[in-house]
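Engineer: Input file: upload_21.tsv. Contents: TSV, C-alpha atoms.
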```tsv
chain	number	residue	atom	x	y	z
A	1	MET	CA	8.44	23.68	4.74
A	2	LYS	CA	6.34	23.28	1.58
A	3	LEU	CA	3.12	21.34	2.10
A	4	LYS	CA	3.39	17.85	0.64
A	5	HIS	CA	0.69	15.17	0.33
A	6	TYR	CA	1.01	11.43	-0.30
A	7	LEU	CA	-1.97	10.50	-2.47
A	8	GLN	CA	-0.30	8.04	-4.84
A	9	PHE	CA	3.11	6.42	-5.14
A	10	SER	CA	4.23	8.80	-7.87
A	11	ASP	CA	3.93	11.78	-5.49
A	12	LEU	CA	7.50	11.19	-4.26
A	13	SER	CA	10.79	10.84	-6.14
A	14	ALA	CA	13.19	7.90	-6.17
A	15	GLU	CA	15.56	9.95	-4.03
A	16	GLU	CA	12.84	10.59	-1.48
A	17	TYR	CA	12.02	6.88	-1.35
A	18	ALA	CA	15.68	6.03	-0.74
A	19	TYR	CA	15.57	8.41	2.22
A	20	LEU	CA	12.29	6.95	3.52
A	21	PHE	CA	13.62	3.38	3.39
A	22	GLU	CA	16.70	4.45	5.37
A	23	ARG	CA	14.55	6.23	7.95
A	24	ALA	CA	12.15	3.28	8.20
A	25	ALA	CA	15.08	0.95	8.91
A	26	LEU	CA	16.37	3.30	11.62
A	27	ILE	CA	12.95	3.77	13.20
A	28	LYS	CA	12.35	0.01	13.14
A	29	ARG	CA	15.69	-0.64	14.89
A	30	LYS	CA	14.72	1.83	17.60
A	31	PHE	CA	11.36	0.09	18.01
A	32	LYS	CA	12.97	-3.35	18.30
A	33	ALA	CA	15.44	-2.01	20.88
A	34	TYR	CA	12.61	-0.48	22.97
A	35	GLU	CA	14.22	2.92	22.44
A	36	LYS	CA	11.83	5.83	22.84
A	37	TYR	CA	11.68	8.06	19.78
A	38	HIS	CA	9.19	10.94	19.94
A	39	PRO	CA	9.85	13.37	17.05
A	40	LEU	CA	6.10	14.04	16.67
A	41	SER	CA	5.41	14.97	20.27
A	42	ASP	CA	2.32	17.22	20.52
A	43	ARG	CA	1.35	16.46	16.91
A	44	THR	CA	-2.09	15.02	16.11
A	45	LEU	CA	-3.07	12.63	13.32
A	46	ALA	CA	-6.69	12.39	12.15
A	47	LEU	CA	-7.67	8.97	10.79
A	48	ILE	CA	-10.72	9.13	8.52
A	49	PHE	CA	-12.30	5.84	7.45
A	50	GLU	CA	-15.00	5.39	4.85
A	51	LYS	CA	-13.73	1.85	4.21
A	52	ALA	CA	-13.29	-0.67	7.01
A	53	SER	CA	-9.77	-1.39	8.19
A	54	THR	CA	-7.66	-3.55	10.48
A	55	ARG	CA	-4.01	-3.17	9.47
A	56	THR	CA	-4.34	0.44	8.31
A	57	ARG	CA	-5.91	1.59	11.57
A	58	VAL	CA	-3.58	-0.36	13.86
A	59	SER	CA	-0.42	0.55	11.95
A	60	PHE	CA	-1.16	4.28	11.76
A	61	GLU	CA	-2.58	4.57	15.27
A	62	ALA	CA	0.17	2.58	16.98
A	63	GLY	CA	2.81	4.25	14.83
A	64	MET	CA	1.69	7.77	15.70
A	65	TYR	CA	1.62	6.97	19.41
A	66	GLN	CA	5.10	5.47	19.16
A	67	LEU	CA	6.32	8.71	17.59
A	68	GLY	CA	4.97	10.64	20.59
A	69	GLY	CA	1.85	12.01	18.90
A	70	SER	CA	-1.87	11.49	19.37
A	71	VAL	CA	-4.69	10.24	17.17
A	72	VAL	CA	-8.28	11.24	16.42
A	73	HIS	CA	-10.33	8.46	14.80
A	74	LEU	CA	-13.28	9.34	12.56
A	75	THR	CA	-15.71	7.28	10.49
A	76	THR	CA	-18.57	8.39	8.27
A	77	GLY	CA	-20.96	7.09	10.93
A	78	ASP	CA	-19.73	9.37	13.71
A	79	SER	CA	-18.88	12.56	11.85
A	80	GLN	CA	-20.33	15.06	9.37
A	81	LEU	CA	-18.52	13.18	6.60
A	82	GLY	CA	-21.50	10.83	6.56
A	83	ARG	CA	-24.09	13.59	6.62
A	84	ALA	CA	-23.56	15.17	3.22
A	85	GLU	CA	-21.20	17.93	4.33
A	86	PRO	CA	-19.06	18.95	1.35
A	87	ILE	CA	-15.67	17.28	1.61
A	88	GLU	CA	-14.07	20.66	0.95
A	89	ASP	CA	-15.66	22.04	4.13
A	90	SER	CA	-14.60	19.03	6.18
A	91	ALA	CA	-11.04	19.47	4.95
A	92	ARG	CA	-10.94	23.16	5.83
A	93	VAL	CA	-12.16	22.49	9.37
A	94	ILE	CA	-10.30	19.28	10.24
A	95	SER	CA	-6.98	20.54	8.90
A	96	ARG	CA	-7.17	23.56	11.24
A	97	MET	CA	-7.30	21.24	14.25
A	98	VAL	CA	-4.77	18.51	13.47
A	99	ASP	CA	-1.30	18.26	11.96
A	100	LEU	CA	-1.75	15.32	9.61
A	101	VAL	CA	-4.68	13.47	7.99
A	102	MET	CA	-4.93	9.88	6.77
A	103	ILE	CA	-7.96	8.96	4.67
A	104	ARG	CA	-9.16	5.50	3.62
A	105	THR	CA	-12.00	5.96	1.15
A	106	PHE	CA	-13.46	4.95	-2.21
A	107	GLU	CA	-12.84	7.27	-5.17
A	108	GLN	CA	-9.41	8.89	-5.56
A	109	THR	CA	-11.20	12.12	-6.39
A	110	LYS	CA	-12.42	12.33	-2.78
A	111	ILE	CA	-8.96	12.32	-1.26
A	112	GLU	CA	-7.69	14.70	-3.93
A	113	SER	CA	-10.50	17.13	-3.15
A	114	PHE	CA	-9.75	16.90	0.56
A	115	ALA	CA	-6.04	17.52	-0.04
A	116	GLN	CA	-6.73	20.54	-2.23
A	117	ASN	CA	-8.52	22.17	0.70
A	118	SER	CA	-6.28	20.96	3.52
A	119	ARG	CA	-3.72	23.05	5.38
A	120	VAL	CA	-1.83	19.91	6.51
A	121	PRO	CA	-0.38	16.84	4.75
A	122	VAL	CA	-2.87	14.20	3.61
A	123	ILE	CA	-1.97	10.50	3.28
A	124	ASN	CA	-3.82	7.96	1.17
A	125	GLY	CA	-4.62	4.96	3.38
A	126	LEU	CA	-6.36	3.30	0.41
A	127	THR	CA	-8.65	4.30	-2.44
A	128	ASN	CA	-10.25	2.34	-5.26
A	129	GLU	CA	-7.38	3.41	-7.52
A	130	PHE	CA	-4.24	3.34	-5.34
A	131	HIS	CA	-2.72	1.88	-2.16
A	132	PRO	CA	0.68	3.60	-1.86
A	133	CYS	CA	1.39	2.87	1.82
A	134	GLN	CA	1.06	-0.85	1.20
A	135	ILE	CA	3.52	-0.84	-1.71
A	136	LEU	CA	5.86	1.31	0.38
A	137	ALA	CA	5.83	-1.48	2.98
A	138	ASP	CA	6.18	-4.22	0.37
A	139	ILE	CA	9.27	-2.70	-1.21
A	140	PHE	CA	10.84	-1.99	2.17
A	141	THR	CA	10.24	-5.64	3.09
A	142	PHE	CA	11.85	-6.81	-0.15
A	143	ILE	CA	14.89	-4.62	0.54
A	144	GLU	CA	15.19	-6.11	4.03
A	145	HIS	CA	15.16	-9.64	2.67
A	146	ARG	CA	16.87	-9.36	-0.72
A	147	GLY	CA	18.48	-5.94	-1.12
A	148	SER	CA	17.71	-3.34	-3.78
A	149	ILE	CA	14.61	-3.88	-5.90
A	150	GLN	CA	16.12	-2.01	-8.85
A	151	GLY	CA	16.45	-4.29	-11.88
A	152	ARG	CA	14.32	-7.01	-10.29
A	153	THR	CA	11.12	-8.66	-11.52
A	154	VAL	CA	7.85	-8.64	-9.60
A	155	ALA	CA	4.98	-10.90	-10.70
A	156	TRP	CA	1.49	-9.58	-10.03
A	157	VAL	CA	-1.07	-12.40	-10.20
A	158	GLY	CA	-4.76	-11.54	-9.88
A	159	ASP	CA	-7.01	-8.51	-10.15
A	160	GLY	CA	-5.92	-5.37	-11.98
A	161	ASN	CA	-6.84	-3.32	-8.93
A	162	ASN	CA	-5.45	-0.49	-6.79
A	163	MET	CA	-2.50	-2.64	-5.71
A	164	ALA	CA	-1.60	-3.43	-9.32
A	165	ASN	CA	-1.86	0.25	-10.28
A	166	THR	CA	0.48	1.22	-7.47
A	167	TRP	CA	2.99	-1.51	-8.31
A	168	LEU	CA	3.13	-0.09	-11.85
A	169	GLN	CA	3.94	3.39	-10.54
A	170	ALA	CA	6.62	1.97	-8.25
A	171	ALA	CA	8.21	-0.02	-11.08
A	172	GLN	CA	8.50	3.02	-13.32
A	173	LEU	CA	9.88	5.19	-10.53
A	174	LEU	CA	12.31	2.74	-8.93
A	175	GLY	CA	13.51	0.86	-12.01
A	176	PHE	CA	12.14	-2.67	-11.84
A	177	THR	CA	9.75	-4.69	-14.02
A	178	ILE	CA	6.23	-5.91	-13.30
A	179	HIS	CA	4.91	-9.13	-14.87
A	180	VAL	CA	1.12	-8.75	-14.81
A	181	SER	CA	-1.34	-11.61	-15.24
A	182	THR	CA	-5.05	-11.02	-14.74
A	183	PRO	CA	-8.17	-12.88	-15.90
A	184	ARG	CA	-9.88	-11.58	-18.98
A	185	GLY	CA	-12.09	-8.63	-18.08
A	186	TYR	CA	-10.02	-7.72	-15.02
A	187	GLU	CA	-7.01	-6.21	-16.75
A	188	ILE	CA	-5.01	-3.24	-15.48
A	189	ASP	CA	-5.83	0.20	-16.82
A	190	ARG	CA	-2.45	1.76	-17.62
A	191	ALA	CA	-4.09	5.16	-17.96
A	192	VAL	CA	-5.11	5.10	-14.28
A	193	ALA	CA	-1.55	4.44	-13.13
A	194	GLY	CA	-0.19	6.86	-15.73
A	195	VAL	CA	2.91	4.81	-16.54
A	196	ARG	CA	4.94	3.90	-19.61
A	197	GLN	CA	4.53	0.54	-21.31
A	198	ASP	CA	8.19	-0.36	-20.80
A	199	CYS	CA	7.89	-0.85	-17.03
A	200	PHE	CA	5.59	-3.87	-17.25
A	201	LYS	CA	4.76	-6.95	-19.33
A	202	VAL	CA	1.35	-8.62	-19.61
A	203	PHE	CA	0.90	-12.40	-19.58
A	204	LYS	CA	-2.29	-14.36	-20.21
A	205	ASP	CA	-0.86	-17.32	-18.30
A	206	PRO	CA	-0.03	-16.62	-14.63
A	207	MET	CA	2.54	-19.43	-14.70
A	208	GLN	CA	4.48	-17.54	-17.37
A	209	ALA	CA	4.18	-14.29	-15.41
A	210	CYS	CA	5.93	-15.96	-12.47
A	211	MET	CA	8.80	-17.24	-14.60
A	212	GLY	CA	12.06	-15.86	-13.21
A	213	ALA	CA	10.33	-13.50	-10.75
A	214	ASP	CA	12.12	-12.25	-7.63
A	215	LEU	CA	8.81	-11.59	-5.93
A	216	VAL	CA	5.33	-13.04	-6.49
A	217	THR	CA	2.46	-11.05	-5.03
A	218	THR	CA	-1.32	-11.03	-5.14
A	219	ASP	CA	-4.47	-9.73	-3.46
A	220	VAL	CA	-7.98	-10.95	-2.73
A	221	TRP	CA	-10.11	-11.63	-5.79
A	222	THR	CA	-12.93	-9.41	-4.55
A	223	SER	CA	-11.90	-6.02	-3.19
A	224	MET	CA	-14.11	-3.91	-0.91
A	225	GLY	CA	-16.97	-2.42	-2.85
A	226	PHE	CA	-17.20	-5.33	-5.29
A	227	GLU	CA	-18.79	-7.93	-2.97
A	228	ALA	CA	-21.78	-8.39	-5.30
A	229	GLU	CA	-19.37	-9.83	-7.89
A	230	ASN	CA	-17.85	-12.38	-5.52
A	231	GLU	CA	-19.25	-15.59	-7.03
A	232	VAL	CA	-18.57	-14.46	-10.60
A	233	ARG	CA	-15.02	-13.54	-9.66
A	234	LYS	CA	-14.38	-16.91	-8.02
A	235	THR	CA	-15.07	-18.57	-11.35
A	236	ALA	CA	-13.09	-16.06	-13.41
A	237	PHE	CA	-10.04	-16.17	-11.13
A	238	ALA	CA	-9.93	-19.95	-10.57
A	239	ASP	CA	-6.60	-20.34	-12.43
A	240	TRP	CA	-5.01	-17.35	-10.66
A	241	CYS	CA	-4.38	-18.99	-7.29
A	242	VAL	CA	-0.72	-18.62	-6.35
A	243	ASP	CA	0.31	-22.17	-5.48
A	244	SER	CA	3.57	-24.06	-5.11
A	245	ASP	CA	3.74	-24.71	-8.89
A	246	MET	CA	3.69	-20.98	-9.59
A	247	MET	CA	6.33	-20.34	-6.96
A	248	GLN	CA	8.53	-23.04	-8.52
A	249	ASN	CA	8.42	-21.07	-11.78
A	250	ALA	CA	9.85	-18.06	-9.97
A	251	LYS	CA	13.48	-17.83	-8.88
A	252	PRO	CA	14.52	-20.30	-6.17
A	253	ASP	CA	14.87	-17.51	-3.62
A	254	ALA	CA	11.71	-15.64	-4.69
A	255	LEU	CA	9.54	-14.13	-1.99
A	256	PHE	CA	5.77	-14.25	-1.74
A	257	MET	CA	3.75	-11.26	-0.48
A	258	HIS	CA	0.08	-10.50	0.11
A	259	CYS	CA	-1.38	-7.28	1.53
A	260	LEU	CA	-3.94	-9.24	3.62
A	261	PRO	CA	-6.53	-10.28	4.56
A	262	ALA	CA	-5.90	-13.53	2.68
A	263	HIS	CA	-8.26	-16.33	1.68
A	264	ARG	CA	-6.33	-19.59	1.66
A	265	GLY	CA	-7.47	-21.80	-1.17
A	266	GLU	CA	-8.62	-18.84	-3.27
A	267	GLU	CA	-5.97	-16.30	-4.35
A	268	VAL	CA	-3.18	-18.16	-2.52
A	269	ALA	CA	-2.58	-21.74	-1.42
A	270	ALA	CA	-1.95	-22.38	2.28
A	271	GLU	CA	1.43	-23.98	1.56
A	272	VAL	CA	2.58	-20.72	-0.06
A	273	ILE	CA	1.38	-18.09	2.39
A	274	ASP	CA	2.41	-20.25	5.35
A	275	GLY	CA	5.56	-21.55	3.67
A	276	PRO	CA	9.23	-20.56	3.87
A	277	GLN	CA	9.09	-18.12	0.93
A	278	SER	CA	6.30	-16.07	2.49
A	279	ALA	CA	7.20	-12.63	3.85
A	280	VAL	CA	3.64	-11.56	4.58
A	281	TRP	CA	4.04	-11.16	8.35
A	282	ASP	CA	7.14	-8.98	8.02
A	283	GLU	CA	5.29	-7.12	5.28
A	284	ALA	CA	2.30	-6.50	7.56
A	285	GLU	CA	4.47	-5.25	10.43
A	286	ASN	CA	6.44	-3.02	8.10
A	287	ARG	CA	3.33	-1.00	7.28
A	288	MET	CA	3.79	0.59	10.68
A	289	HIS	CA	7.49	1.33	10.31
A	290	VAL	CA	7.36	2.84	6.80
A	291	GLN	CA	4.32	4.90	7.73
A	292	LYS	CA	6.17	6.27	10.74
A	293	ALA	CA	8.99	7.32	8.42
A	294	LEU	CA	6.46	8.82	6.02
A	295	MET	CA	4.65	10.82	8.71
A	296	GLU	CA	7.94	12.08	10.10
A	297	TYR	CA	9.04	13.18	6.62
A	298	LEU	CA	5.79	14.93	5.73
A	299	LEU	CA	5.80	16.89	8.99
A	300	LEU	CA	9.49	17.48	9.65
A	301	GLY	CA	11.26	17.01	6.33
A	302	ARG	CA	14.69	15.40	6.21
A	303	LEU	CA	16.39	14.99	9.56
```
Let me see whether you can do it: turn the structure in this file into structure tokens.
Structural biologist:
Amino acid sequence: MKLKHYLQFSDLSAEEYAYLFERAALIKRKFKAYEKYHPLSDRTLALIFEKASTRTRVSFEAGMYQLGGSVVHLTTGDSQLGRAEPIEDSARVISRMVDLVMIRTFEQTKIESFAQNSRVPVINGLTNEFHPCQILADIFTFIEHRGSIQGRTVAWVGDGNNMANTWLQAAQLLGFTIHVSTPRGYEIDRAVAGVRQDCFKVFKDPMQACMGADLVTTDVWTSMGFEAENEVRKTAFADWCVDSDMMQNAKPDALFMHCLPAHRGEEVAAEVIDGPQSAVWDEAENRMHVQKALMEYLLLGRL
């Protein structure tokens, strides 16, 4: 089987995503029925964290164990990754000892360099530029609740960050539209995502971006690595809090999603994230199920 990595959403085709969503649904049903499913028995996943994590670690670690495999957990503090060893050398060594690597780090160039020197599949658990596993879970969650996302409208309200970049790639690949609204100075960089203009529309007013949306989604105002800008961002983003008025501008059956952790009263109002339109808890759980499908696919191909 040809070695395949998952470093950004555009690494897979629409056909491959259709397969992954089907597998994720099957794997989730088995999980809910307490049915053992161990296709990755005797396989080992290395989890490498340069950025802190809750959901990423739990979802990958629990998911790999549920598939019958084992996990090795590494951070920069307890490995040579934090002692100036070239990332190329780390990749050559680690990939000879495990079957799969997940990396959560800063620059996309780091994970790309690791993948170029790895003998096993590498998965992006998050970088400054992209967060493909999260969008994989978000779209799967939308499909569960509302059916196909093709032809739909997703409103992105907030920072033009790694989540926004990945939503743009997903829209171009899977045939839906993104309404983007960010404060001035925090716009998306289309060149980073590498997408056509016709897959998204930009709105200065977040209320207009939510108009007619099937899904409204956001993220924290200050991502990891930008903590020094927190107070400045709070001022800049004050009008970009997803509240009940914004949700009323969306379609009556619109969903709300957030990748978490969330700050109620900042990027989202409590009545929205804790309200009936919120799918954030299903979304969080689904990280595990779609990642199980992804790991199975990267190691075993189509079953």
Engineer: Using only C-alpha atoms, can you tell me which of A:Lys110, A:Arg57, A:Tyr17, A:Asn230 comes closest to Ser90 in chain A?
Structural biologist: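 Ranking A:Lys110, A:Arg57, A:Tyr17, A:Asn230 by distance to Ser90 in chain A, first place goes to A:Lys110.
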Engineer: Have a look at A:Gln172, A:Thr44, A:Asn161, A:Thr222 and name the one nearest to Ser10 in chain A; count only C-alpha atoms.
Structural biologist: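 Looking only at the distances to Ser10 in chain A, the closest residue turns out to be A:Gln172.
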Engineer: Please tabulate, as a Markdown table, the residues of range 46-105 of chain A that come within 12 Å of range 136-158 of chain A, each with its closest pair of atoms and the distance in Å to one decimal, counting only C-alpha atoms and ordering rows by chain, then residue number upward.
Structural biologist:
```
| residue | atom | partner | partner_atom | distance |
| --- | --- | --- | --- | --- |
| A:Arg55 | CA | A:Ala137 | CA | 11.9 |
| A:Thr56 | CA | A:Ala137 | CA | 11.6 |
| A:Ser59 | CA | A:Ala137 | CA | 11.1 |
```
Engineer: Measure the distance from CA of Met102 in chain A to CA of Tyr34 in chain A in Å and round it to one decimal.
Structural biologist: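 Distance reported for this atom pair: 26.0 Å.
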Engineer: Given the choices A:Arg96, A:Ala250, A:Leu300, A:His73, which gets closest to Pro39 in chain A if the distance is worked out from only C-alpha atoms?
Structural biologist: A:Leu300
Engineer: Using only C-alpha atoms, can you tell me which of A:Glu16, A:Asp89, A:Asp243, A:Asp159 comes closest to Tyr186 in chain A?
Structural biologist: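 Among the listed residues, the smallest separation from Tyr186 in chain A belongs to A:Asp159.
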Engineer: For His289 in chain A, work out the shell of residues within 7 Å, counting all atoms listed in the file and skipping chain neighbours fewer than 6 positions away, then give it as a list in words.
Structural biologist: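 The residues satisfying every condition are Ala24, Ile27 and Lys28 of chain A.
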Engineer: Using the selection just defined, write its residues with C-alpha atoms as an mmCIF file, keeping the file's coordinate frame.
Structural biologist:
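Output contents, as saved in out-v1.cif:
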```
data_model
loop_
_atom_site.group_PDB
_atom_site.id
_atom_site.type_symbol
_atom_site.label_atom_id
_atom_site.label_comp_id
_atom_site.auth_asym_id
_atom_site.auth_seq_id
_atom_site.Cartn_x
_atom_site.Cartn_y
_atom_site.Cartn_z
ATOM 1 C CA ALA A 24 12.150 3.280 8.200
ATOM 2 C CA ILE A 27 12.950 3.770 13.200
ATOM 3 C CA LYS A 28 12.350 0.010 13.140
#
```
Engineer: Any idea what the distance is between CA of Glu129 in chain A and CA of Thr217 in chain A?
Structural biologist: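 CA of Thr217 in chain A lies 17.7 Å from CA of Glu129 in chain A.
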Engineer: Write out as an mmCIF file with C-alpha atoms, keeping the file's coordinate frame which residues come within 9 Å of Ile87 in chain A when counting only C-alpha atoms, dropping same-chain ones fewer than 6 positions away.
Structural biologist:
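The new file out_4.cif reads:
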```cif
data_model
loop_
_atom_site.group_PDB
_atom_site.id
_atom_site.type_symbol
_atom_site.label_atom_id
_atom_site.label_comp_id
_atom_site.auth_asym_id
_atom_site.auth_seq_id
_atom_site.Cartn_x
_atom_site.Cartn_y
_atom_site.Cartn_z
ATOM 1 C CA LEU A 81 -18.520 13.180 6.600
ATOM 2 C CA LYS A 110 -12.420 12.330 -2.780
ATOM 3 C CA ILE A 111 -8.960 12.320 -1.260
ATOM 4 C CA SER A 113 -10.500 17.130 -3.150
ATOM 5 C CA PHE A 114 -9.750 16.900 0.560
ATOM 6 C CA ASN A 117 -8.520 22.170 0.700
#
```
